[in-house]
$ cat final-v6.tsv   # TSV, C-alpha atoms
chain	number	residue	atom	x	y	z
K	25	MET	CA	-13.38	83.37	30.54
K	26	PRO	CA	-10.95	86.34	30.71
K	27	GLU	CA	-11.06	89.03	28.08
K	28	ARG	CA	-8.63	88.59	25.19
K	29	VAL	CA	-6.33	91.48	24.41
K	30	ASN	CA	-4.63	91.53	21.02
K	31	GLY	CA	-1.46	93.34	20.04
K	32	SER	CA	2.15	93.20	21.16
K	33	SER	CA	4.40	95.72	22.82
K	34	GLY	CA	6.54	97.96	20.64
K	35	SER	CA	9.38	97.65	23.13
K	36	SER	CA	9.33	93.86	22.76
K	37	VAL	CA	9.56	94.16	18.94
K	38	SER	CA	12.44	96.58	19.28
K	39	ARG	CA	14.29	94.19	21.60
K	40	ARG	CA	13.81	91.32	19.11
K	41	LEU	CA	15.12	93.46	16.25
K	42	ARG	CA	18.09	94.47	18.38
K	43	GLY	CA	18.81	90.81	19.16
K	44	PHE	CA	18.53	89.88	15.47
K	45	GLN	CA	21.00	92.62	14.58
K	46	GLU	CA	23.45	91.59	17.30
K	47	ARG	CA	23.37	87.96	16.09
K	48	PHE	CA	23.67	88.48	12.35
K	49	GLU	CA	25.67	91.70	11.90
K	50	PRO	CA	28.92	90.12	13.19
K	51	LEU	CA	28.38	87.10	10.91
K	52	VAL	CA	27.91	89.27	7.81
K	53	THR	CA	31.00	91.33	8.66
K	54	ARG	CA	33.13	88.23	9.20
K	55	LEU	CA	31.95	86.68	5.95
K	56	PHE	CA	32.76	89.90	4.08
K	57	LEU	CA	36.29	90.09	5.49
K	58	ALA	CA	36.87	86.39	4.93
K	59	GLY	CA	35.67	86.81	1.33
K	60	ILE	CA	38.21	89.56	0.69
K	61	PHE	CA	40.96	87.38	2.14
K	62	VAL	CA	40.06	84.32	0.06
K	63	THR	CA	39.64	86.38	-3.13
K	64	GLY	CA	43.06	87.94	-2.64
K	65	LEU	CA	44.73	84.57	-2.18
K	66	VAL	CA	42.95	83.07	-5.18
K	67	ALA	CA	43.92	86.04	-7.34
K	68	GLN	CA	47.56	85.63	-6.31
K	69	PHE	CA	47.86	82.00	-7.38
K	70	ILE	CA	45.22	81.52	-10.11
K	71	GLN	CA	46.11	83.47	-13.26
K	72	PRO	CA	42.57	84.03	-14.72
K	73	VAL	CA	41.35	85.53	-11.47
K	74	GLY	CA	44.48	87.63	-11.23
K	75	ASP	CA	43.99	88.92	-14.74
K	76	ALA	CA	40.39	89.85	-13.91
K	77	LEU	CA	41.58	91.87	-10.95
K	78	GLU	CA	44.65	93.28	-12.61
K	79	GLY	CA	46.35	96.14	-10.84
K	80	LYS	CA	45.37	95.10	-7.32
K	81	ALA	CA	47.88	94.16	-4.65
K	82	PHE	CA	46.43	90.70	-4.14
K	83	LEU	CA	48.55	89.21	-1.38
K	84	GLY	CA	48.93	92.47	0.50
K	85	GLY	CA	45.18	93.07	0.37
K	86	ALA	CA	44.48	89.54	1.51
K	87	LEU	CA	46.85	89.85	4.46
K	88	LEU	CA	45.37	93.22	5.34
K	89	SER	CA	41.86	91.76	5.35
K	90	LEU	CA	43.08	88.94	7.62
K	91	VAL	CA	44.47	91.50	10.07
K	92	ALA	CA	41.13	93.38	9.91
K	93	TYR	CA	39.27	90.13	10.65
K	94	VAL	CA	41.39	89.46	13.76
K	95	LEU	CA	41.07	93.07	14.94
K	96	TYR	CA	37.29	92.97	14.42
K	97	ASP	CA	36.94	89.97	16.75
K	98	ALA	CA	39.22	91.62	19.32
K	99	VAL	CA	37.23	94.86	19.27
K	100	ARG	CA	33.92	93.00	19.63
K	101	GLU	CA	35.28	91.02	22.59
K	102	LEU	CA	36.51	94.21	24.26
K	103	SER	CA	33.18	95.92	23.63
K	104	SER	CA	31.34	92.97	25.18
K	105	SER	CA	33.57	92.98	28.26
K	106	VAL	CA	32.84	96.65	29.03
K	107	ARG	CA	29.09	96.50	28.30
K	108	GLN	CA	27.06	98.46	30.81
K	109	PRO	CA	25.23	96.20	33.28
K	110	THR	CA	21.93	98.02	32.78
K	111	ARG	CA	19.80	98.42	29.70
K	112	GLY	CA	18.71	101.87	30.75
K	113	LEU	CA	15.44	103.06	32.19
K	114	VAL	CA	11.95	101.95	31.22
K	115	ASN	CA	8.62	103.27	32.38
K	116	SER	CA	6.21	101.05	34.29
K	117	SER	CA	3.81	101.40	31.36
K	118	GLU	CA	6.26	99.27	29.32
K	119	LEU	CA	5.91	96.17	31.48
K	120	GLY	CA	3.76	94.49	28.83
K	121	GLY	CA	6.78	93.86	26.62
K	122	PHE	CA	8.63	92.05	29.42
K	123	VAL	CA	5.54	89.99	30.27
K	124	ASN	CA	5.12	88.99	26.61
K	125	GLU	CA	8.75	87.94	26.43
K	126	ALA	CA	8.50	85.94	29.66
K	127	PHE	CA	5.46	84.04	28.38
K	128	ARG	CA	7.45	82.66	25.44
K	129	ALA	CA	9.24	80.31	27.85
K	130	ARG	CA	8.05	76.82	28.74
K	131	LYS	CA	8.21	77.70	32.45
K	132	VAL	CA	7.14	81.28	33.23
K	133	GLU	CA	8.07	82.80	36.58
K	134	ILE	CA	7.08	86.39	37.39
K	135	SER	CA	7.76	87.96	40.78
K	136	PHE	CA	6.70	91.38	42.03
K	137	LEU	CA	7.40	93.48	45.10
K	138	GLY	CA	5.80	96.88	45.49
K	139	TYR	CA	2.48	98.61	46.16
K	140	THR	CA	-0.64	97.01	44.67
K	141	GLY	CA	0.95	95.70	41.46
K	142	GLU	CA	-1.92	97.08	39.40
K	143	THR	CA	0.09	97.69	36.21
K	144	LEU	CA	1.70	94.25	36.25
K	145	TYR	CA	-1.58	92.57	37.21
K	146	HIS	CA	-3.31	93.77	34.02
K	147	GLU	CA	-0.47	92.48	31.82
K	148	VAL	CA	-0.31	89.10	33.58
K	149	TYR	CA	-4.09	88.72	33.39
K	150	ARG	CA	-4.01	89.41	29.66
K	151	SER	CA	-1.18	86.93	29.02
K	152	LEU	CA	-2.84	84.20	31.09
K	153	GLY	CA	-6.06	84.68	29.13
K	154	GLU	CA	-4.22	84.29	25.83
K	155	LEU	CA	-2.97	80.85	26.88
K	156	PHE	CA	-6.45	79.39	26.30
K	157	ASP	CA	-6.25	80.00	22.55
K	158	ASN	CA	-2.51	80.36	21.95
K	159	PRO	CA	-0.48	78.46	24.56
K	160	GLY	CA	2.75	78.36	22.54
K	161	SER	CA	5.43	76.48	24.47
K	162	THR	CA	4.22	77.61	27.92
K	163	ARG	CA	3.21	74.81	30.28
K	164	THR	CA	3.96	76.16	33.77
K	165	VAL	CA	3.29	79.62	35.18
K	166	VAL	CA	4.22	80.85	38.67
K	167	VAL	CA	3.21	84.39	39.65
K	168	ARG	CA	4.29	85.78	43.04
K	169	MET	CA	2.97	89.16	44.17
K	170	LEU	CA	4.43	90.68	47.33
K	171	VAL	CA	2.40	93.68	48.59
K	172	PRO	CA	2.35	95.65	51.88
K	173	ASP	CA	0.36	94.37	54.82
K	174	PHE	CA	-2.51	96.83	54.60
K	175	GLY	CA	-3.98	95.36	57.77
K	176	GLN	CA	-1.33	97.16	59.83
K	177	PRO	CA	-1.00	100.93	60.56
K	178	MET	CA	1.07	102.63	57.87
K	179	THR	CA	2.71	105.98	57.09
K	180	VAL	CA	2.34	105.38	53.33
K	181	PRO	CA	-0.38	105.11	52.22
K	182	ALA	CA	-1.89	107.52	54.74
K	183	ARG	CA	-3.95	110.68	55.03
K	184	VAL	CA	-2.06	113.98	54.82
K	185	GLY	CA	-2.43	115.60	58.25
K	186	PRO	CA	-1.38	118.91	59.81
K	187	ASP	CA	2.06	120.13	58.72
K	188	ASP	CA	1.96	117.46	55.99
K	189	ARG	CA	2.49	114.71	58.54
K	190	PRO	CA	1.09	111.27	57.59
K	191	VAL	CA	-1.91	110.09	59.58
K	192	ASP	CA	-2.82	106.41	59.43
K	193	ASP	CA	-6.19	105.93	57.76
K	194	PRO	CA	-7.69	102.44	58.16
K	195	ALA	CA	-10.42	103.15	55.59
K	196	PHE	CA	-7.88	104.07	52.92
K	197	ARG	CA	-5.72	101.05	53.77
K	198	ASN	CA	-8.77	98.81	53.46
K	199	ARG	CA	-9.41	100.31	50.04
K	200	MET	CA	-5.93	99.14	48.92
K	201	LEU	CA	-6.44	95.76	50.58
K	202	ARG	CA	-9.72	95.21	48.71
K	203	GLN	CA	-7.99	96.08	45.45
K	204	CYS	CA	-5.24	93.50	46.02
K	205	ARG	CA	-7.79	90.92	47.14
K	206	GLU	CA	-9.78	91.52	43.95
K	207	TYR	CA	-6.68	91.07	41.79
K	208	SER	CA	-5.76	87.91	43.67
K	209	GLY	CA	-9.25	86.46	43.24
K	210	ILE	CA	-9.33	87.15	39.50
K	211	LEU	CA	-5.87	85.68	38.87
K	212	SER	CA	-6.77	82.66	40.99
K	213	ALA	CA	-9.93	82.08	38.96
K	214	VAL	CA	-7.98	82.21	35.68
K	215	ALA	CA	-5.35	79.88	37.15
K	216	ASP	CA	-8.02	77.39	38.19
K	217	SER	CA	-9.52	77.46	34.68
K	218	LEU	CA	-6.14	76.87	33.06
K	219	ASN	CA	-5.32	74.07	35.49
K	220	GLY	CA	-8.68	72.52	34.65
K	221	THR	CA	-7.69	72.10	31.00
K	222	GLY	CA	-5.02	69.58	32.00
K	223	ARG	CA	-2.48	71.36	29.80
K	224	PHE	CA	-0.99	73.73	32.37
K	225	VAL	CA	0.19	74.08	35.93
K	226	VAL	CA	-0.53	77.65	37.03
K	227	GLU	CA	-0.12	79.21	40.47
K	228	CYS	CA	-0.77	82.85	41.38
K	229	GLU	CA	-0.07	83.83	44.97
K	230	TYR	CA	-0.12	87.06	46.97
K	231	ARG	CA	1.84	87.57	50.19
K	232	CYS	CA	2.24	90.58	52.49
K	233	TYR	CA	5.33	92.28	53.87
K	234	PRO	CA	5.44	94.81	56.74
K	235	GLY	CA	6.42	98.39	55.96
K	236	ILE	CA	5.78	101.03	53.34
K	237	PRO	CA	5.91	100.54	49.55
K	238	ARG	CA	9.31	102.04	48.74
K	239	ASP	CA	10.88	99.69	46.16
K	240	LYS	CA	9.24	98.40	43.01
K	241	ILE	CA	10.82	95.16	41.80
K	242	CYS	CA	9.72	92.98	38.87
K	243	ILE	CA	11.59	89.75	38.06
K	244	PHE	CA	10.94	87.85	34.84
K	245	ASN	CA	12.01	84.20	34.56
K	246	ARG	CA	14.92	84.93	36.94
K	247	ALA	CA	16.75	86.47	33.98
K	248	HIS	CA	15.52	90.10	33.88
K	249	VAL	CA	15.12	92.38	36.90
K	250	LEU	CA	13.42	95.77	36.87
K	251	HIS	CA	13.92	97.98	39.93
K	252	GLY	CA	12.78	101.48	40.77
K	253	LEU	CA	11.70	103.66	43.69
K	254	TYR	CA	8.16	104.89	44.27
K	255	ASP	CA	7.52	108.56	44.85
K	256	VAL	CA	6.33	108.14	48.43
K	257	SER	CA	5.44	111.83	48.65
K	258	ALA	CA	2.89	111.62	45.80
K	259	ARG	CA	-0.63	112.69	46.81
K	260	LYS	CA	-4.17	112.14	45.57
K	261	ARG	CA	-7.75	113.09	46.48
K	262	LEU	CA	-10.59	110.60	46.32
K	263	GLU	CA	-13.12	113.39	45.82
K	264	HIS	CA	-13.10	117.10	45.08
K	265	MET	CA	-12.16	119.12	48.15
K	266	GLY	CA	-11.82	115.91	50.14
K	267	PRO	CA	-8.75	115.02	52.23
K	268	GLU	CA	-5.43	114.31	50.50
K	269	TYR	CA	-3.68	110.97	50.82
K	270	TYR	CA	-0.08	109.88	50.39
K	271	ASP	CA	-0.49	107.37	47.58
K	272	PRO	CA	2.53	106.29	45.44
K	273	LYS	CA	2.01	106.43	41.68
K	274	GLY	CA	3.33	103.08	40.49
K	275	TYR	CA	2.32	103.60	36.87
K	276	THR	CA	4.80	106.47	36.43
K	277	THR	CA	7.69	104.82	38.27
K	278	GLU	CA	10.86	104.55	36.17
K	279	LEU	CA	12.68	101.24	36.42
K	280	ASN	CA	16.31	100.23	35.89
K	281	VAL	CA	16.64	97.07	33.79
K	282	TRP	CA	19.17	94.38	34.65
K	283	SER	CA	19.69	91.36	32.41
K	284	GLN	CA	22.05	88.40	32.45
K	285	GLU	CA	24.50	89.93	29.98
K	286	GLY	CA	28.04	89.93	31.30
K	287	ALA	CA	29.39	88.88	34.68
K	288	THR	CA	28.58	92.12	36.52
K	289	ALA	CA	24.97	92.22	35.36
K	290	ALA	CA	24.49	88.50	36.08
K	291	GLU	CA	25.67	89.11	39.66
K	292	ALA	CA	23.16	91.95	40.03
K	293	VAL	CA	20.33	89.75	38.74
K	294	SER	CA	21.30	86.95	41.15
K	295	MET	CA	21.43	89.44	44.05
K	296	TRP	CA	17.90	90.76	43.35
K	297	VAL	CA	16.47	87.26	42.85
K	298	LYS	CA	18.01	86.10	46.14
K	299	HIS	CA	16.72	89.22	47.91
K	300	PHE	CA	13.18	88.62	46.66
K	301	ASP	CA	13.24	84.89	47.54
K	302	GLU	CA	14.28	85.71	51.10
K	303	LEU	CA	11.58	88.36	51.51
K	304	TRP	CA	9.01	85.96	50.06
K	305	ALA	CA	9.95	83.23	52.54
K	306	LEU	CA	9.59	85.65	55.47
K	307	SER	CA	6.30	87.22	54.36
K	308	SER	CA	2.86	86.24	55.58
K	309	VAL	CA	0.15	84.53	53.53
K	310	PRO	CA	-3.24	86.26	53.84
K	311	ASN	CA	-6.35	84.10	53.68
K	312	TRP	CA	-7.17	85.63	50.29
K	313	GLY	CA	-3.72	85.36	48.77
K	314	ARG	CA	-3.26	81.90	47.30
K	315	SER	CA	-4.57	80.20	44.14
K	316	ALA	CA	-5.15	76.46	43.91
K	317	ALA	CA	-2.51	75.00	41.61
K	318	ALA	CA	-3.05	71.65	39.99
$ encode --input "final-v6.tsv" --output "structure tokens"
Amino acid sequence: MPERVNGSSGSSVSRRLRGFQERFEPLVTRLFLAGIFVTGLVAQFIQPVGDALEGKAFLGGALLSLVAYVLYDAVRELSSSVRQPTRGLVNSSELGGFVNEAFRARKVEISFLGYTGETLYHEVYRSLGELFDNPGSTRTVVVRMLVPDFGQPMTVPARVGPDDRPVDDPAFRNRMLRQCREYSGILSAVADSLNGTGRFVVECEYRCYPGIPRDKICIFNRAHVLHGLYDVSARKRLEHMGPEYYDPKGYTTELNVWSQEGATAAEAVSMWVKHFDELWALSSVPNWGRSAAA
């Protein structure tokens, strides 16, 4: 049974509060303006109300509030039409909030393209484990992880050679391969356990693409896309005074966020989803990369 992890992401709470404000603030403003308009009209034609508000320009105020109401809607529509297609930058450490949000859907679909997917793996593992005790509305989960083919010679990751040139290092590549294989095995085991309950259909699959890990892409329920670029020049040592290796730091990668808000952003989301689907179809399936879905 996977370990349970309690707590929710602060970024997810902030997004929910922002959504609440965007939904209810316009309603309150409209009701306020409509109230002024109705009060002005009533005061104009009903004497007791007019006496209570003596000295006010009832009809003029009412008409002015009506104009303000119309202008308010026009300004909001204009603001919506010029909304920026991105929601700014987030750090890879904030992926938990997006995973939490994705797992509120009945059908969850999470896709990844990048290096080893370590940061996302931990968040997905946690959310899958929570389904045993708190399934919510989720019934289907599809996780697709697209990682480099570490079985082939590579320039990144690689050992730093003379003049800082990359030198392919099969031992280091195998280290990354074992890490991905371990993640795949653990997610597959959790998927099998969830499928065994008869309440879920869960599939977690890894595939491999040729080339170096340059782009980091996370797609949540085909509605939110996070994209960033790895620092391919980042280095690490496995031991003190040992050789250096080119090893991208995925955890610190900053990601642009695209959501289906407005036509331009929706087109960007569709483009990234299509791009990932095509890469997925062309990528190879390693013998360790697929879970058994029910």
$ residues_near_point --input "final-v6.tsv" --point "(5.5, 76.4, 23.2)" --cutoff "9 Å" --atoms "all atoms listed in the file" --output "JSON, numbers by chain"
{"K": [128, 129, 130, 159, 160, 161, 162, 163]}
$ atom_distance --input "final-v6.tsv" --atom1 "CA of Met265 (chain K)" --atom2 "CA of Pro237 (chain K)"
26.0 Å
$ atom_distance --input "final-v6.tsv" --atom1 "CA of Val166 (chain K)" --atom2 "CA of Glu227 (chain K)"
5.0 Å
$ atom_distance --input "final-v6.tsv" --atom1 "CA of Leu113 (chain K)" --atom2 "CA of Val281 (chain K)"
6.3 Å
$ residues_near_point --input "final-v6.tsv" --point "(3.5, 86.0, 28.7)" --cutoff "8 Å" --atoms "all atoms listed in the file" --output "PDB file with C-alpha atoms, keeping the file's coordinate frame"
ATOM      1  CA  PHE K 122       8.630  92.050  29.420  1.00  0.00           C
ATOM      2  CA  VAL K 123       5.540  89.990  30.270  1.00  0.00           C
ATOM      3  CA  ASN K 124       5.120  88.990  26.610  1.00  0.00           C
ATOM      4  CA  GLU K 125       8.750  87.940  26.430  1.00  0.00           C
ATOM      5  CA  ALA K 126       8.500  85.940  29.660  1.00  0.00           C
ATOM      6  CA  PHE K 127       5.460  84.040  28.380  1.00  0.00           C
ATOM      7  CA  ARG K 128       7.450  82.660  25.440  1.00  0.00           C
ATOM      8  CA  VAL K 132       7.140  81.280  33.230  1.00  0.00           C
ATOM      9  CA  VAL K 148      -0.310  89.100  33.580  1.00  0.00           C
ATOM     10  CA  SER K 151      -1.180  86.930  29.020  1.00  0.00           C
ATOM     11  CA  LEU K 152      -2.840  84.200  31.090  1.00  0.00           C
TER      12      LEU K 152
END
$ closest_residue --input "final-v6.tsv" --among "K:Leu155, K:Val225, K:Ile243, K:Met178" --to "Ser135 (chain K)" --atoms "all atoms listed in the file"
K:Ile243
$ residues_around --input "final-v6.tsv" --residues "region 269-277 of chain K" --least-positions-apart "5" --cutoff "8 Å" --atoms "only C-alpha atoms" --output "PDB file with C-alpha atoms, keeping the file's coordinate frame"
ATOM      1  CA  ASN K 115       8.620 103.270  32.380  1.00  0.00           C
ATOM      2  CA  SER K 116       6.210 101.050  34.290  1.00  0.00           C
ATOM      3  CA  SER K 117       3.810 101.400  31.360  1.00  0.00           C
ATOM      4  CA  TYR K 139       2.480  98.610  46.160  1.00  0.00           C
ATOM      5  CA  GLY K 141       0.950  95.700  41.460  1.00  0.00           C
ATOM      6  CA  THR K 143       0.090  97.690  36.210  1.00  0.00           C
ATOM      7  CA  VAL K 180       2.340 105.380  53.330  1.00  0.00           C
ATOM      8  CA  PRO K 181      -0.380 105.110  52.220  1.00  0.00           C
ATOM      9  CA  ALA K 182      -1.890 107.520  54.740  1.00  0.00           C
ATOM     10  CA  ARG K 183      -3.950 110.680  55.030  1.00  0.00           C
ATOM     11  CA  VAL K 184      -2.060 113.980  54.820  1.00  0.00           C
ATOM     12  CA  PRO K 190       1.090 111.270  57.590  1.00  0.00           C
ATOM     13  CA  PRO K 237       5.910 100.540  49.550  1.00  0.00           C
ATOM     14  CA  LYS K 240       9.240  98.400  43.010  1.00  0.00           C
ATOM     15  CA  GLY K 252      12.780 101.480  40.770  1.00  0.00           C
ATOM     16  CA  LEU K 253      11.700 103.660  43.690  1.00  0.00           C
ATOM     17  CA  TYR K 254       8.160 104.890  44.270  1.00  0.00           C
ATOM     18  CA  ASP K 255       7.520 108.560  44.850  1.00  0.00           C
ATOM     19  CA  VAL K 256       6.330 108.140  48.430  1.00  0.00           C
ATOM     20  CA  SER K 257       5.440 111.830  48.650  1.00  0.00           C
ATOM     21  CA  ALA K 258       2.890 111.620  45.800  1.00  0.00           C
ATOM     22  CA  ARG K 259      -0.630 112.690  46.810  1.00  0.00           C
ATOM     23  CA  LYS K 260      -4.170 112.140  45.570  1.00  0.00           C
ATOM     24  CA  ARG K 261      -7.750 113.090  46.480  1.00  0.00           C
TER      25      ARG K 261
END
$ closest_atom_pairs --input "final-v6.tsv" --of "region 180-251 of chain K" --to "region 169-175 of chain K" --cutoff "6 Å" --atoms "all atoms listed in the file" --output "tab-separated table"
residue	atom	partner	partner_atom	distance
K:Arg197	CA	K:Phe174	CA	5.4
K:Leu201	CA	K:Phe174	CA	5.7
K:Tyr230	CA	K:Met169	CA	4.7
K:Arg231	CA	K:Leu170	CA	5.0
K:Cys232	CA	K:Asp173	CA	4.8
K:Tyr233	CA	K:Pro172	CA	4.9
K:Pro234	CA	K:Asp173	CA	5.4
$ closest_residue --input "final-v6.tsv" --among "K:Val214, K:Ala195, K:Ala305, K:Leu262" --to "Val226 (chain K)" --atoms "all atoms listed in the file"
K:Val214
$ closest_residue --input "final-v6.tsv" --among "K:Trp282, K:Thr288, K:Tyr145, K:Ser307" --to "Glu206 (chain K)" --atoms "all atoms listed in the file"
K:Tyr145
